[in-house]
>>> print(open('coords-v1.txt').read())   # compact mmCIF, C-alpha atoms and all ligand atoms
# COMPACT_ATOMS: atom_id res chain seq x y z
CA MET A 189 0.00 0.00 0.00
CA SER A 190 1.54 3.29 -1.03
CA ALA A 191 1.54 6.27 1.30
CA SER A 192 -0.41 8.43 -1.10
CA VAL A 193 -3.41 6.13 -1.44
CA VAL A 194 -6.72 7.85 -0.67
CA ARG A 195 -9.34 5.78 1.09
CA TYR A 196 -13.05 6.32 0.39
CA LEU A 197 -15.76 4.75 2.49
CA THR A 198 -19.50 4.45 1.92
CA GLY A 199 -22.13 2.91 4.17
CA ILE A 200 -25.52 1.75 2.93
CA THR A 201 -28.24 1.26 5.51
CA THR A 202 -30.02 -2.02 4.82
CA THR A 203 -33.62 -0.93 4.89
CA GLY A 204 -35.81 -0.96 1.81
CA THR A 205 -35.26 -1.94 -1.80
CA PRO A 206 -33.15 0.24 -4.10
CA HIS A 207 -34.94 2.41 -6.66
CA LEU A 208 -33.76 4.36 -9.68
CA GLY A 209 -33.10 7.41 -7.49
CA ASN A 210 -30.62 5.40 -5.39
CA TYR A 211 -29.04 4.08 -8.56
CA VAL A 212 -28.50 7.46 -10.19
CA GLY A 213 -27.67 9.33 -6.97
CA ALA A 214 -25.49 6.80 -5.16
CA ILE A 215 -24.88 3.38 -6.68
CA ARG A 216 -23.83 4.36 -10.20
CA PRO A 217 -21.43 7.14 -9.17
CA ALA A 218 -19.94 4.94 -6.44
CA VAL A 219 -19.32 2.04 -8.81
CA GLN A 220 -17.59 4.42 -11.24
CA ALA A 221 -15.55 5.94 -8.42
CA SER A 222 -14.46 2.50 -7.22
CA ARG A 223 -12.34 2.14 -10.35
CA ARG A 224 -10.14 5.22 -9.79
CA ALA A 225 -6.42 4.54 -9.57
CA GLY A 226 -4.63 5.43 -6.35
CA THR A 227 -7.69 4.84 -4.19
CA GLU A 228 -8.95 2.18 -1.85
CA ASN A 229 -12.69 1.88 -1.64
CA PHE A 230 -14.78 0.54 1.20
CA TYR A 231 -18.47 -0.23 0.70
CA PHE A 232 -20.41 -1.82 3.47
CA LEU A 233 -23.93 -2.82 4.39
CA ALA A 234 -24.79 -0.89 7.54
CA ASP A 235 -27.04 -3.52 9.07
CA TYR A 236 -26.43 -2.40 12.67
CA HIS A 237 -27.70 1.01 11.60
CA ALA A 238 -30.74 -0.66 10.06
CA LEU A 239 -31.68 -2.04 13.50
CA ILE A 240 -32.15 1.51 14.73
CA LYS A 241 -35.07 2.03 12.35
CA CYS A 242 -36.42 -1.46 11.83
CA ASP A 243 -37.39 -4.25 14.21
CA GLU A 244 -38.56 -6.78 11.61
CA PRO A 245 -35.89 -9.49 11.26
CA ALA A 246 -37.16 -10.79 7.91
CA ARG A 247 -37.11 -7.31 6.41
CA ILE A 248 -33.57 -6.68 7.62
CA GLN A 249 -32.41 -9.93 6.05
CA ARG A 250 -34.29 -9.41 2.79
CA SER A 251 -33.08 -5.86 2.42
CA THR A 252 -29.48 -6.91 3.07
CA LEU A 253 -29.81 -9.50 0.32
CA GLU A 254 -31.37 -7.09 -2.18
CA ILE A 255 -28.98 -4.24 -1.53
CA ALA A 256 -25.91 -6.48 -1.71
CA ALA A 257 -27.22 -7.98 -4.97
CA CYS A 258 -27.87 -4.49 -6.40
CA TRP A 259 -24.34 -3.29 -5.80
CA VAL A 260 -22.74 -6.38 -7.29
CA ALA A 261 -25.16 -6.40 -10.23
CA ALA A 262 -24.47 -2.70 -10.85
CA GLY A 263 -20.82 -3.55 -11.40
CA LEU A 264 -19.11 -3.28 -8.03
CA ASP A 265 -16.22 -5.73 -8.14
CA PRO A 266 -15.78 -7.30 -4.68
CA GLU A 267 -12.24 -8.32 -5.66
CA GLN A 268 -11.21 -4.72 -6.35
CA VAL A 269 -12.82 -3.08 -3.34
CA PHE A 270 -13.62 -3.84 0.29
CA PHE A 271 -17.25 -4.99 0.25
CA TYR A 272 -18.57 -6.27 3.56
CA ARG A 273 -21.37 -6.33 6.06
CA GLN A 274 -20.92 -4.15 9.15
CA SER A 275 -22.10 -6.84 11.57
CA ASP A 276 -19.40 -9.23 10.31
CA ILE A 277 -16.72 -6.93 11.71
CA PRO A 278 -16.81 -7.29 15.52
CA GLU A 279 -14.05 -4.69 15.79
CA ILE A 280 -16.58 -2.02 14.76
CA THR A 281 -18.68 -2.53 17.89
CA GLU A 282 -15.52 -2.72 20.00
CA LEU A 283 -14.35 0.59 18.61
CA THR A 284 -17.82 2.05 19.18
CA TRP A 285 -17.29 1.61 22.91
CA LEU A 286 -13.84 3.19 22.93
CA LEU A 287 -15.28 6.17 21.07
CA THR A 288 -18.31 6.32 23.36
CA CYS A 289 -15.89 6.91 26.22
CA VAL A 290 -14.33 9.96 24.56
CA THR A 291 -17.62 11.52 23.38
CA GLY A 292 -19.42 14.14 25.40
CA LYS A 293 -23.13 13.49 25.89
CA GLY A 294 -23.71 17.13 25.00
CA VAL A 295 -22.29 16.51 21.55
CA LEU A 296 -24.79 13.73 20.87
CA ASN A 297 -27.63 15.86 22.27
CA ARG A 298 -27.07 18.07 19.23
CA ALA A 299 -27.24 15.29 16.62
CA HIS A 300 -29.96 16.05 14.05
CA ALA A 301 -31.79 12.73 14.12
CA TYR A 302 -32.07 12.74 17.89
CA LYS A 303 -32.96 16.42 18.06
CA ALA A 304 -35.67 16.00 15.43
CA GLN A 305 -37.38 13.40 17.61
CA VAL A 306 -37.01 15.57 20.72
CA ASP A 307 -38.53 18.54 18.86
CA LYS A 308 -41.38 16.36 17.67
CA ASN A 309 -42.01 15.14 21.22
CA THR A 310 -41.89 18.67 22.60
CA ALA A 311 -44.40 19.85 19.99
CA ALA A 312 -46.68 16.90 20.85
CA GLY A 313 -46.40 17.70 24.55
CA VAL A 314 -45.03 14.24 25.45
CA ASP A 315 -41.85 13.27 27.27
CA VAL A 316 -38.86 14.68 25.36
CA ASP A 317 -37.26 11.25 25.05
CA ALA A 318 -40.38 9.34 24.02
CA GLU A 319 -39.57 6.85 21.23
CA VAL A 320 -35.86 7.58 21.58
CA THR A 321 -33.74 4.47 21.89
CA MET A 322 -30.08 4.62 22.82
CA GLY A 323 -29.52 3.23 19.32
CA LEU A 324 -30.86 6.46 17.83
CA PHE A 325 -28.90 8.53 20.34
CA MET A 326 -25.65 6.64 19.68
CA TYR A 327 -26.10 6.52 15.90
CA PRO A 328 -23.25 9.02 15.26
CA VAL A 329 -20.81 7.03 17.41
CA LEU A 330 -21.45 3.80 15.52
CA MET A 331 -21.06 5.70 12.27
CA ALA A 332 -17.77 7.20 13.45
CA ALA A 333 -16.52 3.71 14.29
CA ASP A 334 -17.42 2.55 10.74
CA ILE A 335 -15.28 5.32 9.32
CA LEU A 336 -12.35 5.44 11.75
CA MET A 337 -11.94 1.65 11.75
CA PHE A 338 -10.64 1.81 8.19
CA LYS A 339 -8.77 5.12 8.41
CA ALA A 340 -10.98 6.55 5.69
CA HIS A 341 -9.91 9.93 4.32
CA LYS A 342 -13.05 10.77 2.40
CA VAL A 343 -16.66 9.87 2.97
CA PRO A 344 -19.07 10.75 0.13
CA VAL A 345 -22.36 11.68 1.77
CA GLY A 346 -25.45 13.78 1.37
CA ARG A 347 -25.83 17.11 3.17
CA ASP A 348 -27.80 15.46 5.96
CA GLN A 349 -24.76 13.41 6.98
CA VAL A 350 -22.20 16.23 7.18
CA GLN A 351 -22.81 16.73 10.88
CA HIS A 352 -22.04 13.06 11.51
CA LEU A 353 -18.69 13.45 9.77
CA GLU A 354 -17.85 16.43 11.95
CA MET A 355 -18.65 14.36 15.01
CA ALA A 356 -16.46 11.52 13.73
CA ARG A 357 -13.58 13.99 13.35
CA ASP A 358 -14.13 15.26 16.89
CA MET A 359 -14.11 11.74 18.29
CA ALA A 360 -10.91 10.87 16.43
CA GLN A 361 -9.33 14.07 17.69
CA SER A 362 -10.33 13.39 21.30
CA TYR A 363 -9.01 9.87 21.12
CA ASN A 364 -5.72 10.99 19.57
CA HIS A 365 -5.35 13.75 22.10
CA LEU A 366 -5.68 11.31 24.99
CA TYR A 367 -3.89 8.27 23.60
CA GLY A 368 -1.62 9.37 20.75
CA GLU A 369 -2.00 9.66 16.98
CA HIS A 370 -3.78 6.46 16.02
CA LEU A 371 -6.88 7.60 14.16
CA VAL A 372 -7.17 9.41 10.83
CA LEU A 373 -9.49 12.42 10.68
CA PRO A 374 -12.05 11.86 7.91
CA GLU A 375 -13.63 14.45 5.64
CA ALA A 376 -17.13 14.61 4.24
CA GLN A 377 -17.35 14.80 0.48
CA VAL A 378 -20.58 16.33 -0.65
CA ASP A 379 -21.05 16.04 -4.40
CA GLU A 380 -23.45 18.76 -5.52
CA SER A 381 -23.37 17.55 -9.10
CA VAL A 382 -25.01 14.18 -8.40
CA ALA A 383 -28.42 14.20 -9.98
CA LEU A 384 -31.43 14.28 -7.71
CA LEU A 385 -33.92 12.19 -9.60
CA PRO A 386 -37.56 13.29 -9.58
CA GLY A 387 -40.14 10.61 -8.85
CA LEU A 388 -43.38 9.70 -10.62
CA ASP A 389 -45.11 12.79 -9.21
CA GLY A 390 -42.27 15.23 -9.89
CA ARG A 391 -41.13 15.48 -6.25
CA LYS A 392 -37.75 14.00 -5.29
CA MET A 393 -37.84 10.22 -5.83
CA SER A 394 -38.15 8.77 -2.36
CA LYS A 395 -39.75 5.81 -0.70
CA SER A 396 -41.41 8.11 1.80
CA TYR A 397 -43.31 9.82 -1.06
CA ASP A 398 -44.27 6.46 -2.59
CA ASN A 399 -43.24 7.77 -6.01
CA VAL A 400 -40.34 5.47 -6.86
CA ILE A 401 -39.42 3.37 -9.88
CA GLY A 402 -37.88 0.10 -8.69
CA LEU A 403 -34.32 -0.47 -9.87
CA PHE A 404 -34.65 -4.19 -10.52
CA ALA A 405 -38.39 -4.53 -10.38
CA PRO A 406 -39.71 -6.86 -13.12
CA ARG A 407 -39.55 -5.26 -16.57
CA GLU A 408 -43.32 -5.00 -16.99
CA GLN A 409 -43.67 -3.30 -13.65
CA VAL A 410 -41.01 -0.74 -14.56
CA ARG A 411 -42.87 -0.08 -17.83
CA LYS A 412 -46.11 0.48 -15.93
CA GLN A 413 -44.42 2.80 -13.45
CA ILE A 414 -42.84 4.83 -16.24
CA PHE A 415 -46.15 5.16 -18.03
CA SER A 416 -47.65 6.51 -14.80
CA ILE A 417 -45.22 9.45 -14.63
CA VAL A 418 -47.28 12.60 -14.23
CA THR A 419 -47.28 14.86 -17.33
CA ASP A 420 -49.43 17.76 -18.40
CA SER A 421 -52.44 17.46 -20.68
CA ARG A 422 -50.86 18.68 -23.92
CA ALA A 423 -52.02 16.64 -26.88
CA PRO A 424 -49.76 14.99 -29.46
CA GLY A 425 -48.48 17.63 -31.87
CA GLU A 426 -48.50 20.38 -29.23
CA PRO A 427 -44.99 21.57 -28.24
CA LYS A 428 -43.99 20.45 -24.73
CA GLU A 429 -41.89 22.11 -22.02
CA THR A 430 -38.71 20.32 -20.87
CA GLU A 431 -38.53 22.71 -17.91
CA GLY A 432 -40.17 21.00 -14.92
CA SER A 433 -40.80 17.77 -16.82
CA ALA A 434 -39.96 14.82 -14.56
CA LEU A 435 -39.94 12.55 -17.59
CA PHE A 436 -37.33 14.72 -19.29
CA GLN A 437 -35.14 14.89 -16.18
CA ILE A 438 -35.19 11.15 -15.67
CA TYR A 439 -34.33 10.63 -19.33
CA GLN A 440 -31.42 13.06 -19.00
CA ALA A 441 -30.01 11.05 -16.07
CA PHE A 442 -29.62 8.03 -18.35
CA ALA A 443 -28.97 9.51 -21.78
CA THR A 444 -25.91 10.97 -23.48
CA PRO A 445 -25.95 14.75 -24.10
CA GLU A 446 -26.72 14.04 -27.79
CA GLU A 447 -29.67 11.83 -26.92
CA THR A 448 -30.94 14.46 -24.49
CA GLN A 449 -30.66 17.14 -27.17
CA LYS A 450 -32.67 14.97 -29.52
CA LEU A 451 -35.48 14.54 -27.01
CA ARG A 452 -35.46 18.28 -26.40
CA GLN A 453 -36.09 18.82 -30.11
CA GLN A 454 -38.85 16.21 -30.09
CA TYR A 455 -40.49 17.99 -27.14
CA ALA A 456 -40.47 21.20 -29.19
CA ALA A 457 -41.85 19.33 -32.18
CA GLY A 458 -44.78 18.04 -30.11
CA ILE A 459 -43.94 14.40 -29.37
CA ALA A 460 -46.85 12.49 -27.81
CA TRP A 461 -46.39 11.80 -24.10
CA SER A 462 -46.86 8.09 -24.70
CA ASP A 463 -44.03 8.10 -27.27
CA ALA A 464 -41.78 10.02 -24.90
CA LYS A 465 -42.54 7.50 -22.17
CA GLN A 466 -41.71 4.64 -24.48
CA MET A 467 -38.37 6.33 -25.30
CA LEU A 468 -37.63 6.69 -21.61
CA PHE A 469 -38.51 3.09 -20.90
CA ASP A 470 -36.30 1.85 -23.74
CA ARG A 471 -33.41 4.01 -22.59
CA ILE A 472 -33.59 2.84 -18.97
CA ASP A 473 -34.14 -0.76 -19.99
CA ALA A 474 -31.02 -0.68 -22.20
CA GLU A 475 -28.92 0.21 -19.17
CA ILE A 476 -30.65 -1.91 -16.55
CA ALA A 477 -31.59 -5.11 -18.40
CA PRO A 478 -28.09 -6.63 -18.49
CA MET A 479 -27.72 -5.93 -14.77
CA ARG A 480 -31.16 -7.30 -13.99
CA ALA A 481 -30.11 -10.78 -15.12
CA ARG A 482 -27.19 -10.72 -12.69
CA TYR A 483 -29.39 -9.29 -9.95
CA GLU A 484 -31.97 -12.02 -10.34
CA HIS A 485 -29.30 -14.69 -10.34
CA LEU A 486 -27.82 -13.39 -7.09
CA VAL A 487 -31.14 -12.97 -5.31
CA ASN A 488 -31.96 -16.54 -6.26
CA HIS A 489 -28.55 -17.77 -5.07
CA PRO A 490 -28.16 -16.04 -1.71
CA GLU A 491 -25.41 -18.48 -0.75
CA GLU A 492 -23.22 -16.93 -3.47
CA LEU A 493 -23.69 -13.49 -2.00
CA GLU A 494 -23.01 -14.85 1.46
CA ARG A 495 -19.68 -16.20 0.22
CA ILE A 496 -18.82 -12.85 -1.32
CA LEU A 497 -19.64 -11.07 1.94
CA GLN A 498 -17.68 -13.55 4.05
CA ALA A 499 -14.63 -13.11 1.84
CA GLY A 500 -15.12 -9.35 2.07
CA ALA A 501 -15.28 -9.50 5.86
CA ALA A 502 -12.06 -11.51 6.03
CA LYS A 503 -10.34 -8.93 3.82
CA ALA A 504 -11.69 -6.00 5.85
CA ARG A 505 -10.70 -7.62 9.13
CA GLN A 506 -7.10 -7.80 7.95
CA ARG A 507 -7.24 -4.02 8.43
CA ALA A 508 -9.56 -3.87 11.43
CA THR A 509 -7.89 -6.47 13.64
CA PRO A 510 -4.39 -4.93 13.83
CA LEU A 511 -5.76 -1.41 14.29
CA MET A 512 -8.11 -2.57 17.05
CA ARG A 513 -5.20 -4.30 18.77
CA GLU A 514 -3.25 -1.04 18.62
CA LEU A 515 -6.21 0.99 19.94
CA ARG A 516 -6.85 -1.39 22.84
CA GLU A 517 -3.19 -1.32 23.75
CA ALA A 518 -3.16 2.49 23.63
CA VAL A 519 -6.02 2.87 26.14
CA GLY A 520 -4.51 0.31 28.52
CA LEU A 521 -6.57 -2.79 27.69
CA ARG A 522 -3.42 -4.83 27.76
CA ASN A 523 -2.14 -8.32 28.30
CA LEU A 524 -1.03 -8.49 31.94
CA ALA A 525 1.78 -10.88 31.04
CA THR A 526 3.58 -7.94 29.42
CA LEU A 527 3.97 -6.55 32.94
CA ALA A 528 5.27 -9.91 34.25
CA GLY A 529 7.73 -9.93 31.38
CA GLY A 530 8.97 -6.52 32.48
CA ALA A 531 9.57 -7.66 36.08
CA LYS A 532 11.41 -10.75 34.89
CA LYS A 533 13.71 -8.65 32.75
CA GLU A 534 14.57 -6.47 35.77
CA LYS A 535 15.29 -9.55 37.84
CA ALA A 536 17.39 -11.10 35.09
CA LYS A 537 19.40 -7.92 34.87
CA ALA A 538 20.03 -8.03 38.63
CA ALA A 539 20.98 -11.69 38.36
CA LEU A 540 23.94 -11.18 36.01
CA PRO A 541 27.60 -11.39 37.00
CA SER A 542 28.99 -7.90 37.56
CA PHE A 543 32.10 -5.82 38.13
CA LYS A 544 32.20 -3.59 41.19
CA GLN A 545 34.74 -0.77 41.44
CA TYR A 546 35.81 0.80 44.70
CA ARG A 547 38.60 2.65 46.46
CA GLU A 548 40.38 1.29 49.52
CA SER A 549 41.85 3.18 52.48
CA ASP A 550 45.30 2.65 50.90
CA GLY A 551 44.25 5.21 48.27
CA LEU A 552 44.33 2.69 45.42
CA PHE A 553 41.51 1.69 43.09
CA TYR A 554 40.24 -1.89 42.99
CA PHE A 555 37.53 -3.98 41.34
CA LYS A 556 35.81 -7.22 42.14
CA PHE A 557 34.03 -9.54 39.74
CA VAL A 558 31.06 -11.25 41.40
CA ASP A 559 28.62 -13.83 40.03
CA ALA A 560 24.82 -13.52 39.95
CA GLN A 561 24.56 -14.69 43.54
CA GLY A 562 27.15 -12.16 44.69
CA ARG A 563 29.93 -14.76 45.16
CA LEU A 564 33.40 -13.36 44.61
CA LEU A 565 35.02 -14.69 41.41
CA LEU A 566 37.92 -12.37 40.84
CA GLN A 567 39.78 -9.87 43.04
CA SER A 568 41.99 -7.20 41.51
CA SER A 569 45.12 -5.76 42.96
CA GLY A 570 45.31 -1.99 43.46
CA PHE A 571 45.44 0.51 40.53
CA ALA A 572 46.75 4.04 40.71
CA SER A 573 43.65 5.47 39.05
CA PRO A 574 40.01 4.46 38.41
CA LYS A 575 40.78 4.75 34.70
CA GLU A 576 43.39 1.96 34.86
CA ALA A 577 40.97 -0.25 36.82
CA GLY A 578 38.34 0.45 34.17
CA GLN A 579 40.74 -0.42 31.33
CA CYS A 580 41.51 -3.75 32.97
CA ILE A 581 37.77 -4.50 33.26
CA ALA A 582 37.21 -3.53 29.63
CA GLY A 583 40.07 -5.85 28.60
CA LEU A 584 38.53 -8.76 30.50
CA LYS A 585 35.13 -8.14 28.99
CA ALA A 586 36.56 -7.91 25.49
CA ALA A 587 38.78 -11.00 25.78
CA GLN A 588 36.32 -13.11 27.77
CA ALA A 589 39.45 -14.84 29.05
CA LEU A 590 42.05 -14.46 31.78
CA PRO A 591 45.21 -13.16 30.14
CA PRO A 592 48.52 -14.15 31.78
CA GLY A 593 49.93 -11.57 34.15
CA LEU A 594 46.48 -10.17 34.97
CA PRO A 595 46.57 -7.81 37.97
CA ALA A 596 43.77 -9.84 39.49
CA ALA A 597 43.46 -13.28 41.06
CA THR A 598 40.68 -15.80 41.13
CA ALA A 599 39.10 -16.06 44.53
CA ASP A 600 39.45 -19.09 46.77
CA GLY A 601 37.72 -22.19 45.39
CA VAL A 602 37.05 -20.53 41.98
CA ASP A 603 38.79 -21.70 38.82
CA ALA A 604 39.50 -19.77 35.65
CA GLY A 605 36.76 -21.69 33.79
CA GLN A 606 34.08 -20.31 36.10
CA VAL A 607 35.35 -16.77 35.61
CA VAL A 608 35.37 -17.15 31.84
CA ALA A 609 31.82 -18.58 31.89
CA ALA A 610 30.66 -15.56 33.90
CA LEU A 611 32.40 -13.18 31.47
CA ARG A 612 30.62 -14.86 28.59
CA GLU A 613 27.25 -14.65 30.33
CA LEU A 614 27.76 -10.96 30.85
CA ALA A 615 28.76 -10.45 27.22
CA GLU A 616 25.72 -12.37 25.93
CA SER A 617 23.37 -10.25 28.03
CA GLY A 618 24.77 -7.21 26.25
CA ASN A 619 26.04 -5.62 29.47
N1 LIG B 1 -25.82 6.99 8.05
C1 LIG B 1 -25.68 6.64 6.66
C2 LIG B 1 -26.97 6.89 5.93
O1 LIG B 1 -28.04 6.77 6.51
C3 LIG B 1 -25.26 5.21 6.50
C4 LIG B 1 -23.94 4.97 7.14
C5 LIG B 1 -23.68 4.23 8.24
C6 LIG B 1 -22.72 5.52 6.69
N2 LIG B 1 -22.37 4.25 8.51
C7 LIG B 1 -21.74 5.03 7.60
C8 LIG B 1 -22.35 6.35 5.63
C9 LIG B 1 -20.41 5.40 7.46
C10 LIG B 1 -21.02 6.70 5.49
C11 LIG B 1 -20.06 6.24 6.40
O2 LIG B 1 -26.95 7.18 4.77
>>> encode(input="coords-v1.txt", output="structure tokens")
Amino acid sequence: MSASVVRYLTGITTTGTPHLGNYVGAIRPAVQASRRAGTENFYFLADYHALIKCDEPARIQRSTLEIAACWVAAGLDPEQVFFYRQSDIPEITELTWLLTCVTGKGVLNRAHAYKAQVDKNTAAGVDVDAEVTMGLFMYPVLMAADILMFKAHKVPVGRDQVQHLEMARDMAQSYNHLYGEHLVLPEAQVDESVALLPGLDGRKMSKSYDNVIGLFAPREQVRKQIFSIVTDSRAPGEPKETEGSALFQIYQAFATPEETQKLRQQYAAGIAWSDAKQMLFDRIDAEIAPMRARYEHLVNHPEELERILQAGAAKARQRATPLMRELREAVGLRNLATLAGGAKKEKAKAALPSFKQYRESDGLFYFKFVDAQGRLLLQSSGFASPKEAGQCIAGLKAAQALPPGLPAATADGVDAGQVVAALRELAESGN
């Protein structure tokens, strides 16, 4: 991994079924971005986040399947990116707790999603925290863990998520301040140019408006939905306005500039709405049909997707596990045996043979060589200066032998072999 690599990370909450608005606004640009050189790209299914909004197990599972299938069918290559499910990475919940402990409650009090519920409760005259789970309250901390776990530099998000990125930066900063530089501060990347697709009724395409066109809904259903796009009542032959036409805007999101220009001319020339709708359907179908086959295959072979996600989790954990180990160590969640090791080392140091220098009342300088137990091995005669005594010691250490004529004698009951063994022991210890 080169130092200049830029890491991008995107989380997709696993509620609902993707529609064309998700495809144009998020999936398609992300799949294109995943192929940039010099980047690492992380895409994950935020199923823990889904639990905050949804308590229906079957829906969570189904949505995870459909969303994973959509991304792969839309061209995301799990071999080229990190593609995984949040709940397969236990380090993310571990990190969530470490971050929780460096996050002020006051910071989370200001989070938009929580505050919106509090405001709603206040307006309704009920308890301020009615309907507020700690999951909703802690949402920004879990999201920060998602991001910081993989040292992401850039997080492409919508405007509504910018505050969460600021909180993630604050948490990383607090942690680093307390425990050292371990976490990378992420940045939000808000792309204003991404098309906001209008829905069937002309408002923003959104599940909450019930105006969506399914991304991989059966072909006939997509045709029906497209033919139900609201238009005005101008008859065939009457010129039509492109301005404010949902049909035109959706077409533009799929067509080349030349194709768009052509439709613009046909609008002016009075194309019938039904013909325009057929053009739109054909254009969308040309892009989606090849992907739909792959999507249907995956949804019908969930075990294949499961394998992809398991492989993705293993790859992601190769990053998460070492970082988590480092972060635990930094806060003091440590193996106690490392302390025992430290004490042993001290003891071992004390238990080495050693030279002791001293001055006698005769004014001369002497040294003794004692073994680990303090037993005298070697006794020097007197030197005129400490420097000469030191030189003799250095010579013994270097030679690891008793040179003839040494101004020192082995002590009673000690032979030269024992002295040499002790010199070697000292040399091996590096002292
Ligand atoms: N909160 C994001 C959303 O609702 C989903 C998400 C969860 C996410 N974790 C993330 C997005 C981390 C980016 C990074 O859209």
>>> residues_near_ligand(input="coords-v1.txt", ligand="ligand LIG 1 (chain B)", cutoff="10 Å", atoms="all atoms listed in the file", output="PDB file with C-alpha atoms, in the frame of the given file")
ATOM      1  CA  TYR A 196     -13.050   6.320   0.390  1.00  0.00           C
ATOM      2  CA  LEU A 197     -15.760   4.750   2.490  1.00  0.00           C
ATOM      3  CA  THR A 198     -19.500   4.450   1.920  1.00  0.00           C
ATOM      4  CA  GLY A 199     -22.130   2.910   4.170  1.00  0.00           C
ATOM      5  CA  ILE A 200     -25.520   1.750   2.930  1.00  0.00           C
ATOM      6  CA  THR A 201     -28.240   1.260   5.510  1.00  0.00           C
ATOM      7  CA  THR A 202     -30.020  -2.020   4.820  1.00  0.00           C
ATOM      8  CA  THR A 203     -33.620  -0.930   4.890  1.00  0.00           C
ATOM      9  CA  PHE A 230     -14.780   0.540   1.200  1.00  0.00           C
ATOM     10  CA  TYR A 231     -18.470  -0.230   0.700  1.00  0.00           C
ATOM     11  CA  PHE A 232     -20.410  -1.820   3.470  1.00  0.00           C
ATOM     12  CA  LEU A 233     -23.930  -2.820   4.390  1.00  0.00           C
ATOM     13  CA  ALA A 234     -24.790  -0.890   7.540  1.00  0.00           C
ATOM     14  CA  ASP A 235     -27.040  -3.520   9.070  1.00  0.00           C
ATOM     15  CA  TYR A 236     -26.430  -2.400  12.670  1.00  0.00           C
ATOM     16  CA  HIS A 237     -27.700   1.010  11.600  1.00  0.00           C
ATOM     17  CA  ALA A 238     -30.740  -0.660  10.060  1.00  0.00           C
ATOM     18  CA  GLN A 274     -20.920  -4.150   9.150  1.00  0.00           C
ATOM     19  CA  TYR A 327     -26.100   6.520  15.900  1.00  0.00           C
ATOM     20  CA  PRO A 328     -23.250   9.020  15.260  1.00  0.00           C
ATOM     21  CA  VAL A 329     -20.810   7.030  17.410  1.00  0.00           C
ATOM     22  CA  LEU A 330     -21.450   3.800  15.520  1.00  0.00           C
ATOM     23  CA  MET A 331     -21.060   5.700  12.270  1.00  0.00           C
ATOM     24  CA  ALA A 332     -17.770   7.200  13.450  1.00  0.00           C
ATOM     25  CA  ALA A 333     -16.520   3.710  14.290  1.00  0.00           C
ATOM     26  CA  ASP A 334     -17.420   2.550  10.740  1.00  0.00           C
ATOM     27  CA  ILE A 335     -15.280   5.320   9.320  1.00  0.00           C
ATOM     28  CA  LEU A 336     -12.350   5.440  11.750  1.00  0.00           C
ATOM     29  CA  ALA A 340     -10.980   6.550   5.690  1.00  0.00           C
ATOM     30  CA  LYS A 342     -13.050  10.770   2.400  1.00  0.00           C
ATOM     31  CA  VAL A 343     -16.660   9.870   2.970  1.00  0.00           C
ATOM     32  CA  PRO A 344     -19.070  10.750   0.130  1.00  0.00           C
ATOM     33  CA  VAL A 345     -22.360  11.680   1.770  1.00  0.00           C
ATOM     34  CA  GLY A 346     -25.450  13.780   1.370  1.00  0.00           C
ATOM     35  CA  ASP A 348     -27.800  15.460   5.960  1.00  0.00           C
ATOM     36  CA  GLN A 349     -24.760  13.410   6.980  1.00  0.00           C
ATOM     37  CA  VAL A 350     -22.200  16.230   7.180  1.00  0.00           C
ATOM     38  CA  HIS A 352     -22.040  13.060  11.510  1.00  0.00           C
ATOM     39  CA  LEU A 353     -18.690  13.450   9.770  1.00  0.00           C
ATOM     40  CA  ALA A 356     -16.460  11.520  13.730  1.00  0.00           C
ATOM     41  CA  PRO A 374     -12.050  11.860   7.910  1.00  0.00           C
ATOM     42  CA  ALA A 376     -17.130  14.610   4.240  1.00  0.00           C
TER      43      ALA A 376
END
>>> atom_distance(input="coords-v1.txt", atom1="atom CA of A:Pro424", atom2="atom CA of A:Pro406")
29.1 Å
>>> closest_residue(input="coords-v1.txt", among="A:Met322, A:Ala261, A:Leu385, A:Tyr363", to="A:Gly209", atoms="all atoms listed in the file")
A:Leu385
>>> residues_around(input="coords-v1.txt", residues="stretch 287-292 of chain A", least_positions_apart="3", cutoff="9 Å", atoms="only C-alpha atoms", output="ChimeraX atom specification")
/A:282-284,295-297,326,329-330,332-333,355,358-360,362-363,366
>>> atom_distance(input="coords-v1.txt", atom1="atom CA of A:Glu475", atom2="atom CA of A:Phe442")
7.9 Å
>>> residues_around(input="coords-v1.txt", residues="A:Asn210", least_positions_apart="3", cutoff="12 Å", atoms="all atoms listed in the file", output="PyMOL selection string")
chain A and resi 200-201+204-207+213-218+255+258-259+262+346+382-387+392-395+400-404
>>> closest_residue(input="coords-v1.txt", among="A:Arg505, A:His300, A:Lys465, A:Arg547", to="A:Pro278", atoms="all atoms listed in the file")
A:Arg505
>>> closest_residue(input="coords-v1.txt", among="A:Phe325, A:Tyr455, A:Phe469, A:Tyr211", to="A:Glu408", atoms="all atoms listed in the file")
A:Phe469
>>> residues_around(input="coords-v1.txt", residues="A:Lys303", least_positions_apart="4", cutoff="10 Å", atoms="all atoms listed in the file", output="MDAnalysis selection string")
chainID A and resid 296:299 307:309 316:317 320 325
>>> atom_distance(input="coords-v1.txt", atom1="atom CA of A:Gly618", atom2="atom CA of A:Ala599")
24.9 Å
>>> residues_around(input="coords-v1.txt", residues="A:Ser433", least_positions_apart="6", cutoff="12 Å", atoms="only C-alpha atoms", output="ChimeraX atom specification")
/A:385-391,417-420,439-440,451-452,455,461,464-465
>>> closest_residue(input="coords-v1.txt", among="A:Val219, A:Gln351, A:Asp470, A:Asp603", to="A:Val378", atoms="all atoms listed in the file")
A:Gln351
>>> closest_residue(input="coords-v1.txt", among="A:Glu254, A:Cys242, A:Val306, A:Glu267", to="A:Ala501", atoms="only C-alpha atoms")
A:Glu267
